[in-house]
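The next block is my_file30.csv, given as CSV, N, CA and C atoms.
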```csv
chain,number,residue,atom,x,y,z
A,10,MET,N,14.4,16.9,98.2
A,10,MET,CA,15.6,16.4,98.8
A,10,MET,C,15.3,15.4,99.9
A,11,ASN,N,15.9,14.3,99.9
A,11,ASN,CA,15.7,13.3,100.9
A,11,ASN,C,16.6,13.5,102.0
A,12,THR,N,16.1,13.5,103.2
A,12,THR,CA,17.0,13.6,104.4
A,12,THR,C,17.1,12.2,105.0
A,13,LEU,N,18.3,11.9,105.5
A,13,LEU,CA,18.5,10.6,106.0
A,13,LEU,C,18.3,10.6,107.5
A,14,SER,N,17.1,10.5,107.9
A,14,SER,CA,16.7,10.7,109.3
A,14,SER,C,17.1,9.7,110.3
A,15,SER,N,17.3,8.4,109.8
A,15,SER,CA,17.6,7.3,110.8
A,15,SER,C,19.0,7.1,110.9
A,16,ILE,N,19.9,7.6,110.1
A,16,ILE,CA,21.3,7.3,110.1
A,16,ILE,C,22.0,8.3,111.0
A,17,ASN,N,22.8,7.7,111.9
A,17,ASN,CA,23.8,8.4,112.7
A,17,ASN,C,25.1,8.4,111.9
A,18,VAL,N,25.4,9.4,111.2
A,18,VAL,CA,26.5,9.4,110.3
A,18,VAL,C,27.8,9.3,111.1
A,19,ASP,N,27.8,9.7,112.3
A,19,ASP,CA,29.1,9.5,113.1
A,19,ASP,C,29.5,8.1,113.2
A,20,PHE,N,28.6,7.1,113.2
A,20,PHE,CA,29.0,5.7,113.2
A,20,PHE,C,29.6,5.3,111.9
A,21,PHE,N,29.1,5.9,110.8
A,21,PHE,CA,29.6,5.5,109.5
A,21,PHE,C,30.9,6.2,109.1
A,22,LYS,N,31.2,7.2,109.8
A,22,LYS,CA,32.5,8.0,109.5
A,22,LYS,C,33.7,7.1,109.8
A,23,LYS,N,33.5,6.1,110.6
A,23,LYS,CA,34.6,5.3,111.1
A,23,LYS,C,35.0,4.2,110.2
A,24,THR,N,34.6,4.3,108.9
A,24,THR,CA,34.9,3.2,107.9
A,24,THR,C,35.7,3.8,106.7
A,25,PHE,N,36.5,3.0,106.1
A,25,PHE,CA,37.2,3.5,104.9
A,25,PHE,C,36.3,3.4,103.7
A,26,TYR,N,35.2,2.7,103.8
A,26,TYR,CA,34.3,2.5,102.6
A,26,TYR,C,33.1,3.4,102.7
A,27,LYS,N,33.1,4.4,103.5
A,27,LYS,CA,32.0,5.3,103.7
A,27,LYS,C,31.4,5.9,102.4
A,28,ALA,N,32.3,6.2,101.5
A,28,ALA,CA,31.8,6.8,100.2
A,28,ALA,C,31.0,5.8,99.4
A,29,PHE,N,31.0,4.5,99.7
A,29,PHE,CA,30.3,3.5,98.9
A,29,PHE,C,29.0,3.1,99.5
A,30,LEU,N,28.7,3.6,100.7
A,30,LEU,CA,27.5,3.1,101.4
A,30,LEU,C,26.3,3.6,100.7
A,31,PRO,N,25.3,2.6,100.5
A,31,PRO,CA,24.0,3.0,99.9
A,31,PRO,C,23.1,3.7,101.0
A,32,LEU,N,23.4,4.9,101.3
A,32,LEU,CA,22.8,5.6,102.4
A,32,LEU,C,21.3,5.6,102.4
A,33,GLU,N,20.7,5.9,101.3
A,33,GLU,CA,19.2,5.9,101.2
A,33,GLU,C,18.6,4.5,101.6
A,34,GLU,N,19.2,3.5,101.0
A,34,GLU,CA,18.8,2.1,101.3
A,34,GLU,C,19.0,1.8,102.8
A,35,ILE,N,20.1,2.2,103.4
A,35,ILE,CA,20.4,2.0,104.8
A,35,ILE,C,19.3,2.7,105.6
A,36,ASP,N,19.1,3.9,105.3
A,36,ASP,CA,18.1,4.7,106.0
A,36,ASP,C,16.7,4.1,106.0
A,37,ALA,N,16.3,3.6,104.8
A,37,ALA,CA,15.0,2.9,104.7
A,37,ALA,C,15.0,1.7,105.5
A,38,PHE,N,16.1,0.9,105.6
A,38,PHE,CA,16.1,-0.2,106.5
A,38,PHE,C,16.1,0.1,107.9
A,39,LEU,N,16.8,1.1,108.3
A,39,LEU,CA,16.8,1.5,109.7
A,39,LEU,C,15.5,2.1,110.2
A,40,THR,N,14.7,2.6,109.3
A,40,THR,CA,13.4,3.2,109.7
A,40,THR,C,12.4,2.0,110.2
A,41,THR,N,12.8,0.8,109.9
A,41,THR,CA,12.0,-0.3,110.4
A,41,THR,C,12.1,-0.6,111.8
A,42,PHE,N,13.1,0.0,112.4
A,42,PHE,CA,13.4,-0.2,113.9
A,42,PHE,C,12.8,0.9,114.7
A,43,GLU,N,12.4,0.5,115.9
A,43,GLU,CA,11.9,1.5,116.8
A,43,GLU,C,13.1,2.4,117.3
A,44,GLU,N,12.8,3.6,117.7
A,44,GLU,CA,13.8,4.6,118.1
A,44,GLU,C,14.8,4.0,119.1
A,45,ARG,N,14.3,3.3,120.1
A,45,ARG,CA,15.2,2.7,121.1
A,45,ARG,C,16.1,1.6,120.6
A,46,GLU,N,15.8,1.1,119.5
A,46,GLU,CA,16.7,0.0,118.9
A,46,GLU,C,17.6,0.5,117.8
A,47,LEU,N,17.5,1.8,117.4
A,47,LEU,CA,18.2,2.3,116.3
A,47,LEU,C,19.7,2.3,116.5
A,48,GLU,N,20.2,2.7,117.6
A,48,GLU,CA,21.7,2.8,117.8
A,48,GLU,C,22.3,1.4,117.7
A,49,LYS,N,21.7,0.4,118.4
A,49,LYS,CA,22.2,-0.9,118.3
A,49,LYS,C,22.1,-1.5,116.9
A,50,ALA,N,21.0,-1.3,116.3
A,50,ALA,CA,20.8,-1.8,114.9
A,50,ALA,C,21.9,-1.2,114.0
A,51,THR,N,22.1,0.1,114.1
A,51,THR,CA,23.1,0.7,113.3
A,51,THR,C,24.5,0.2,113.6
A,52,GLN,N,24.9,0.0,114.8
A,52,GLN,CA,26.2,-0.6,115.2
A,52,GLN,C,26.3,-2.0,114.7
A,53,LEU,N,25.3,-2.8,114.8
A,53,LEU,CA,25.3,-4.1,114.3
A,53,LEU,C,25.5,-4.2,112.7
A,54,LEU,N,24.8,-3.3,112.1
A,54,LEU,CA,24.9,-3.2,110.6
A,54,LEU,C,26.3,-2.8,110.2
A,55,ILE,N,26.9,-1.9,110.9
A,55,ILE,CA,28.3,-1.5,110.6
A,55,ILE,C,29.2,-2.7,110.8
A,56,LYS,N,29.0,-3.5,111.9
A,56,LYS,CA,29.9,-4.6,112.1
A,56,LYS,C,29.7,-5.7,111.0
A,57,LEU,N,28.5,-5.8,110.5
A,57,LEU,CA,28.2,-6.7,109.4
A,57,LEU,C,28.9,-6.3,108.2
A,58,PHE,N,28.8,-5.0,107.9
A,58,PHE,CA,29.5,-4.4,106.8
A,58,PHE,C,31.1,-4.6,106.9
A,59,ASP,N,31.6,-4.3,108.1
A,59,ASP,CA,33.0,-4.5,108.3
A,59,ASP,C,33.5,-5.9,108.0
A,60,VAL,N,32.8,-6.8,108.5
A,60,VAL,CA,33.2,-8.2,108.3
A,60,VAL,C,33.1,-8.6,106.8
A,61,SER,N,31.9,-8.3,106.2
A,61,SER,CA,31.7,-8.6,104.8
A,61,SER,C,32.7,-8.0,103.9
A,62,VAL,N,33.0,-6.7,104.1
A,62,VAL,CA,33.9,-6.0,103.2
A,62,VAL,C,35.3,-6.5,103.4
A,63,THR,N,35.7,-6.7,104.6
A,63,THR,CA,37.1,-7.1,104.9
A,63,THR,C,37.3,-8.5,104.4
A,64,ASN,N,36.4,-9.4,104.7
A,64,ASN,CA,36.5,-10.8,104.2
A,64,ASN,C,36.5,-10.9,102.6
A,65,GLY,N,35.6,-10.1,102.0
A,65,GLY,CA,35.5,-10.1,100.6
A,65,GLY,C,36.7,-9.6,99.9
A,66,LEU,N,37.3,-8.5,100.5
A,66,LEU,CA,38.5,-8.0,99.9
A,66,LEU,C,39.7,-8.9,100.1
A,67,LEU,N,39.8,-9.5,101.3
A,67,LEU,CA,40.9,-10.4,101.5
A,67,LEU,C,40.8,-11.6,100.6
A,68,ALA,N,39.6,-12.1,100.3
A,68,ALA,CA,39.4,-13.3,99.4
A,68,ALA,C,39.8,-13.0,98.0
A,69,ASN,N,39.8,-11.7,97.6
A,69,ASN,CA,40.1,-11.3,96.3
A,69,ASN,C,41.6,-10.8,96.1
A,70,MET,N,42.3,-10.8,97.2
A,70,MET,CA,43.7,-10.4,97.1
A,70,MET,C,44.5,-11.6,96.7
A,71,SER,N,45.5,-11.4,95.8
A,71,SER,CA,46.2,-12.6,95.3
A,71,SER,C,47.5,-13.0,96.1
A,72,THR,N,48.0,-12.2,96.9
A,72,THR,CA,49.2,-12.6,97.7
A,72,THR,C,49.0,-12.4,99.2
A,73,ILE,N,49.8,-13.1,99.9
A,73,ILE,CA,49.8,-13.0,101.4
A,73,ILE,C,50.3,-11.6,101.8
A,74,GLN,N,51.2,-11.0,101.0
A,74,GLN,CA,51.7,-9.7,101.3
A,74,GLN,C,50.7,-8.6,101.2
A,75,GLN,N,49.8,-8.8,100.2
A,75,GLN,CA,48.7,-7.8,100.0
A,75,GLN,C,47.8,-7.9,101.2
A,76,LYS,N,47.5,-9.1,101.6
A,76,LYS,CA,46.6,-9.3,102.7
A,76,LYS,C,47.1,-8.8,104.0
A,77,GLN,N,48.4,-9.0,104.2
A,77,GLN,CA,49.1,-8.5,105.4
A,77,GLN,C,49.1,-7.0,105.4
A,78,GLU,N,49.4,-6.4,104.3
A,78,GLU,CA,49.5,-4.9,104.2
A,78,GLU,C,48.1,-4.3,104.5
A,79,PHE,N,47.1,-4.9,103.9
A,79,PHE,CA,45.7,-4.4,104.1
A,79,PHE,C,45.3,-4.5,105.5
A,80,LEU,N,45.6,-5.6,106.2
A,80,LEU,CA,45.2,-5.8,107.6
A,80,LEU,C,46.0,-4.8,108.5
A,81,ARG,N,47.3,-4.6,108.1
A,81,ARG,CA,48.1,-3.6,108.8
A,81,ARG,C,47.5,-2.2,108.7
A,82,LEU,N,47.1,-1.8,107.5
A,82,LEU,CA,46.5,-0.5,107.3
A,82,LEU,C,45.2,-0.4,108.1
A,83,LEU,N,44.4,-1.4,108.1
A,83,LEU,CA,43.2,-1.4,108.9
A,83,LEU,C,43.5,-1.2,110.4
A,84,GLU,N,44.5,-2.0,110.9
A,84,GLU,CA,44.8,-1.9,112.3
A,84,GLU,C,45.3,-0.5,112.7
A,85,ASN,N,46.1,0.1,111.8
A,85,ASN,CA,46.6,1.4,112.1
A,85,ASN,C,45.5,2.5,112.2
A,86,ASP,N,44.7,2.5,111.2
A,86,ASP,CA,43.6,3.5,111.1
A,86,ASP,C,42.6,3.1,110.0
A,87,PRO,N,41.5,2.5,110.4
A,87,PRO,CA,40.6,2.0,109.3
A,87,PRO,C,39.9,3.2,108.6
A,88,THR,N,40.0,4.4,109.1
A,88,THR,CA,39.3,5.5,108.4
A,88,THR,C,40.3,6.3,107.5
A,89,HIS,N,41.5,6.0,107.5
A,89,HIS,CA,42.5,6.8,106.8
A,89,HIS,C,42.4,6.5,105.3
A,90,PRO,N,42.4,7.5,104.5
A,90,PRO,CA,42.3,7.4,103.0
A,90,PRO,C,43.4,6.5,102.4
A,91,VAL,N,44.5,6.2,103.1
A,91,VAL,CA,45.5,5.4,102.5
A,91,VAL,C,45.0,3.9,102.3
A,92,VAL,N,44.0,3.5,103.1
A,92,VAL,CA,43.4,2.2,103.0
A,92,VAL,C,42.8,2.0,101.6
A,93,LEU,N,42.0,3.0,101.3
A,93,LEU,CA,41.3,2.9,100.0
A,93,LEU,C,42.3,3.1,98.8
A,94,ASP,N,43.3,4.0,99.0
A,94,ASP,CA,44.3,4.1,98.0
A,94,ASP,C,45.1,2.8,97.8
A,95,PHE,N,45.4,2.1,98.8
A,95,PHE,CA,46.1,0.8,98.7
A,95,PHE,C,45.2,-0.2,97.9
A,96,LEU,N,43.9,-0.2,98.3
A,96,LEU,CA,43.0,-1.1,97.6
A,96,LEU,C,42.9,-0.8,96.1
A,97,VAL,N,42.8,0.4,95.7
A,97,VAL,CA,42.7,0.8,94.3
A,97,VAL,C,44.0,0.5,93.6
A,98,ASP,N,45.1,0.7,94.2
A,98,ASP,CA,46.4,0.4,93.6
A,98,ASP,C,46.6,-1.1,93.5
A,99,THR,N,46.1,-1.9,94.5
A,99,THR,CA,46.3,-3.3,94.5
A,99,THR,C,45.5,-4.0,93.5
A,100,PHE,N,44.2,-3.6,93.4
A,100,PHE,CA,43.3,-4.1,92.3
A,100,PHE,C,42.2,-3.1,92.1
A,101,PRO,N,42.3,-2.5,90.9
A,101,PRO,CA,41.4,-1.4,90.5
A,101,PRO,C,39.9,-1.7,90.7
A,102,SER,N,39.5,-2.9,90.6
A,102,SER,CA,38.1,-3.3,90.7
A,102,SER,C,37.6,-3.4,92.1
A,103,SER,N,38.4,-3.0,93.1
A,103,SER,CA,38.1,-3.1,94.5
A,103,SER,C,36.9,-2.2,94.8
A,104,THR,N,36.8,-1.1,94.2
A,104,THR,CA,35.6,-0.2,94.5
A,104,THR,C,34.3,-0.8,94.1
A,105,GLU,N,34.3,-1.5,93.0
A,105,GLU,CA,33.1,-2.1,92.6
A,105,GLU,C,32.8,-3.3,93.5
A,106,LEU,N,33.8,-4.0,93.9
A,106,LEU,CA,33.6,-5.1,94.9
A,106,LEU,C,33.1,-4.6,96.2
A,107,ILE,N,33.6,-3.5,96.7
A,107,ILE,CA,33.1,-3.0,97.9
A,107,ILE,C,31.6,-2.6,97.8
A,108,THR,N,31.2,-2.0,96.7
A,108,THR,CA,29.8,-1.6,96.5
A,108,THR,C,28.9,-2.9,96.5
A,109,GLN,N,29.4,-3.9,95.8
A,109,GLN,CA,28.6,-5.2,95.7
A,109,GLN,C,28.5,-5.8,97.1
A,110,LEU,N,29.6,-5.8,97.9
A,110,LEU,CA,29.6,-6.4,99.2
A,110,LEU,C,28.6,-5.7,100.1
A,111,LEU,N,28.6,-4.4,100.1
A,111,LEU,CA,27.8,-3.6,100.9
A,111,LEU,C,26.3,-3.9,100.6
A,112,GLU,N,26.0,-3.9,99.3
A,112,GLU,CA,24.6,-4.1,98.8
A,112,GLU,C,24.1,-5.5,99.3
A,113,ARG,N,25.0,-6.5,99.1
A,113,ARG,CA,24.6,-7.9,99.4
A,113,ARG,C,24.4,-8.0,100.9
A,114,THR,N,25.3,-7.4,101.7
A,114,THR,CA,25.2,-7.4,103.2
A,114,THR,C,23.9,-6.8,103.6
A,115,LEU,N,23.6,-5.6,103.1
A,115,LEU,CA,22.3,-5.0,103.5
A,115,LEU,C,21.1,-5.8,103.1
A,116,LEU,N,21.1,-6.4,101.9
A,116,LEU,CA,20.0,-7.3,101.5
A,116,LEU,C,19.9,-8.5,102.5
A,117,SER,N,21.0,-9.1,102.8
A,117,SER,CA,21.0,-10.2,103.8
A,117,SER,C,20.4,-9.8,105.1
A,118,ALA,N,20.8,-8.6,105.6
A,118,ALA,CA,20.3,-8.1,106.9
A,118,ALA,C,18.8,-7.9,106.8
A,119,LYS,N,18.3,-7.3,105.7
A,119,LYS,CA,16.9,-7.1,105.5
A,119,LYS,C,16.2,-8.4,105.5
A,120,ARG,N,16.7,-9.4,104.8
A,120,ARG,CA,16.0,-10.8,104.8
A,120,ARG,C,16.0,-11.4,106.2
A,121,ALA,N,17.1,-11.2,107.0
A,121,ALA,CA,17.1,-11.8,108.3
A,121,ALA,C,16.2,-11.1,109.3
A,122,ILE,N,16.0,-9.9,109.1
A,122,ILE,CA,15.2,-9.1,110.1
A,122,ILE,C,13.7,-9.1,109.7
A,123,MET,N,13.4,-9.0,108.4
A,123,MET,CA,12.0,-8.8,108.0
A,123,MET,C,11.3,-10.1,107.7
```
Please re-express this file's structure in structure tokens.
Amino acid sequence: MNTLSSINVDFFKKTFYKAFLPLEEIDAFLTTFEERELEKATQLLIKLFDVSVTNGLLANMSTIQQKQEFLRLLENDPTHPVVLDFLVDTFPSSTELITQLLERTLLSAKRAIM
């Protein structure tokens, strides 16, 4: 059983997409940082994920009303399950898109750092 030793899960709990995070890959990436850099690296990675996922989802929404509702839900509480419910109802392939966006963002972060 693999333990995720480098991940501070408290940081990742603050996202609506937490169920789609590639935790083992994130942990492997974070182990490249020294202990003193870990918290900042994790926070930066989450910010990158937030921007990537939000922009990617907005780009795939077909109406301004969908975009406004999504942003309103995020503003109210980005961790609330209603955000993901809205996305799945709005376009069913949103979960696959979220997974792809997270993987691409992590890959980009790895390339930029290593």
Atomic separation - atom C of Phe21 of chain A relative to atom CA of Arg45 of chain A, Å: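 These atoms are spaced 20.1 Å apart.
If you measure from each of A:Val60, A:Phe29, A:Gln74, A:Ala50 to Gln109 of chain A using only N, CA and C atoms, the closest one turns out to be A:Phe29.
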Applying 12 Å and only C-alpha atoms, which residues near Leu106 of chain A remain after dropping the ones on its own chain fewer than 2 positions away? List them as a list in words.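 So the residues in contact are Tyr26, Phe29, Ser61, Val62, Thr63, Asn64, Gly65, Leu66, Leu67, Ala68, Asn69, Met70, Leu96, Val97, Phe100, Pro101, Ser102, Ser103, Thr104, Thr108, Gln109, Leu110, Leu111, Glu112 and Arg113 of chain A.
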Atom C of Gln77 of chain A to atom CA of Thr51 of chain A measures 28.2 Å
Using Å and a single decimal, report how far atom C of Pro87 of chain A sits from atom N of Leu47 of chain A.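 Pair atom N of Leu47 of chain A / atom C of Pro87 of chain A returns 24.1 Å.
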I'd like the neighbourhood of Ile122 of chain A as number ranges by chain, where a residue qualifies if any of its atoms comes within 12 Å (using only C-alpha atoms), though same-chain residues fewer than 4 positions away should be ignored. A: 38-39, 41-42, 50, 54, 115-118
